[in-house]
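Okay, so here's the structure we're looking at.
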Amino acid sequence: MSSEPRFANSPAAPGADPADPAELRGRYLDLLRDALTFNLWDGRDGSMWRDGSLTRKAVRVALSRRRLELTRRLPREWRAEGRDWPRLAHTMIGLRRMDNLRSCVERVLADGVPGDLIETGVWRGGACIFMRGVLAAHGVTDRTVWVADSFAGLPAPDAGKYAADARDQHHRYTALAVPMEEVRENFRRYGLLDDQVGFLKGWFRDTLPTAPIERLAVLRLDGEMYESTSDALHALYGKLSDGGFCVVDDYGNIDGCRQAVDDFRATQGITEPITRIDWTGAYWRKGTPATARTNGTGAGVAPGVTATGVTDARVTDARVAGAAAR
Ligand SMILES: C[S@@+](CC[C@H](N)C(=O)[O-])C[C@H]1O[C@@H](n2cnc3c(N)ncnc32)[C@H](O)[C@@H]1O
């Protein structure tokens, strides 16, 4: 069993019937993942110029007047591993975190865990588009993918309230502000914009506590800061069904995010173990699905190998040392 992601352009598994629906579903989802992450092009996307300072911004604006832009070339592994802010890809996250997301969604479908799916912090929308694609591939029509973002970047830190965010600079990056219309257009391009997609526009502290969500089966957090992570957990974790997954994109990479998760887990008495996905992503499964409690199976099962041969690429405690662009 390989823990390496299978690429969309891999040949069919030996002996597989190419017309088998599960094989076709797997191929569609591999292709969708590789298009969203830009891995069809060997990851040769390039990383965006981050204009955190006024000088950098002035350079970017001056160049753009001449229809020029600066792109940083990075090794292809950076895109595959989701270590960059890509120029064109529709998601920042890499292959392992995409496979984990797919496995989480497929696991809750297989186990009948009730609820919708949400990502808090969507940028260009790629991870949410992928979740909608997984629902479509499985013919699921009774769940919504919620797309929560300011669509204007990150908030300035409120150091008085969240000391861990005191030095956070994310709000300075215009590259993180993607308008909602652009995200909607990205969904549309993949043929996945419909009434099973709901948009929650605004700061998490304002939108999430009153969001019209009854229950969740997958809660994916990608808001980077302590405040953003904490706001999402406090507003939504109580709605996560037993057997649902809580996925945290920046657990390994951003101290404030990790601290928000650790604080929340400590105050709520959450003891389910955290599993690392890759150098930054992590997840845990909340409780036991109701179906497993009645038939005695599946207790605490983490997402694993699916029928299509895609693995969740679990790497337990595989925090990768070294520099990360995000
Ligand atoms: C790193 S990006 C998300 C990447 C995305 N998940 C992907 O697949 O590429 C972080 C996003 O979180 C949003 N965000 C962060 N904190 C927020 C907050 N408190 N309220 C609303 N949006 C927030 C930003 O606007 C940005 O789009």
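Chain labels A, B, ... are given in the sequence in which chains occur in the structure tokens; within each chain residues are numbered consecutively from 1, and ligands are likewise numbered from 1 in the order shown.
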Residues at most 8 Å from ligand 1, using only C-alpha atoms and all ligand atoms? Could they come as an MDAnalysis selection string? chainID A and resid 90:93 119:128 148:155 176:178 201:205 221:225 227:229 231 249 326
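Backbone DSSP over range 168-204 of chain A gives alpha helix (DSSP H) for Met180, Glu181, Glu182, Val183, Arg184, Glu185, Asn186, Phe187, Arg188, Arg189 and Phe204 of chain A.
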Hey, which bits of range 6-108 of chain A sit within 10 Å of range 185-191 of chain A, and for each residue what's the closest pair of atoms and how far apart in Å (one decimal), counting only C-alpha atoms, rows by chain and increasing number, as JSON lines?
{"residue": "A:Leu32", "atom": "CA", "partner": "A:Tyr190", "partner_atom": "CA", "distance": 8.4}
{"residue": "A:Ala35", "atom": "CA", "partner": "A:Tyr190", "partner_atom": "CA", "distance": 9.7}
{"residue": "A:Leu36", "atom": "CA", "partner": "A:Tyr190", "partner_atom": "CA", "distance": 9.4}
{"residue": "A:His90", "atom": "CA", "partner": "A:Asn186", "partner_atom": "CA", "distance": 7.6}
Atoms kept (N, CA and C atoms) for selection, written as an mmCIF file, in the first residue's frame:
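And here is the file that came out, selection.cif:
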data_model
loop_
_atom_site.group_PDB
_atom_site.id
_atom_site.type_symbol
_atom_site.label_atom_id
_atom_site.label_comp_id
_atom_site.auth_asym_id
_atom_site.auth_seq_id
_atom_site.Cartn_x
_atom_site.Cartn_y
_atom_site.Cartn_z
ATOM 1 N N LEU A 32 -9.587 16.147 -10.867
ATOM 2 C CA LEU A 32 -10.057 17.387 -10.238
ATOM 3 C C LEU A 32 -9.007 17.903 -9.256
ATOM 4 N N ALA A 35 -5.972 19.272 -11.142
ATOM 5 C CA ALA A 35 -6.254 20.558 -11.799
ATOM 6 C C ALA A 35 -6.311 21.666 -10.757
ATOM 7 N N LEU A 36 -7.003 21.416 -9.646
ATOM 8 C CA LEU A 36 -7.152 22.450 -8.609
ATOM 9 C C LEU A 36 -5.811 22.845 -7.999
ATOM 10 N N HIS A 90 -5.924 26.850 -7.931
ATOM 11 C CA HIS A 90 -7.134 27.283 -7.246
ATOM 12 C C HIS A 90 -7.136 26.952 -5.755
#
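If only C-alpha atoms are the atoms counted, then among A:Lys239, A:Glu81, A:Leu192, A:Gly133 the closest residue to Arg27 in chain A is A:Gly133.
Among the candidates A:His138, A:Arg25, A:Arg143, A:Arg87, the one nearest to Ala110 in chain A when counting only C-alpha atoms is A:His138.
From CA of Ala260 in chain A back to CA of Trp284 in chain A, the distance works out to 14.9 Å.
Proximity to Val140 in chain A was assessed for A:Arg73, A:Met180, A:Asp168, A:Val108 counting only C-alpha atoms; the smallest distance is recorded for A:Val108.
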Identify all residues of range 37-282 of chain A in strand (DSSP E or B) (DSSP on the backbone) and supply them as an MDAnalysis selection string. chainID A and resid 47:48 71:72 86 116:120 145:149 197:201 216:221 240:248 275:276 282
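Checking A:Tyr237, A:Ala137, A:Thr271, A:Pro209 one by one against Asp30 in chain A, counting only C-alpha atoms, you find the shortest gap at A:Ala137.
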Please provide the set of residues having any atom within 12 Å of Pro157 in chain A, restricted to only C-alpha atoms, with same-chain residues fewer than 4 positions apart removed, written as a PyMOL selection string. chain A and resi 161-172+224-228+256
Using only C-alpha atoms, which residue out of A:Ala136, A:Ala80, A:Leu117, A:Ala156 lies closest to Ser241 in chain A? A:Leu117
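Reported to one decimal place, the separation of CA of Gly94 in chain A from CA of Leu68 in chain A is 27.1 Å.
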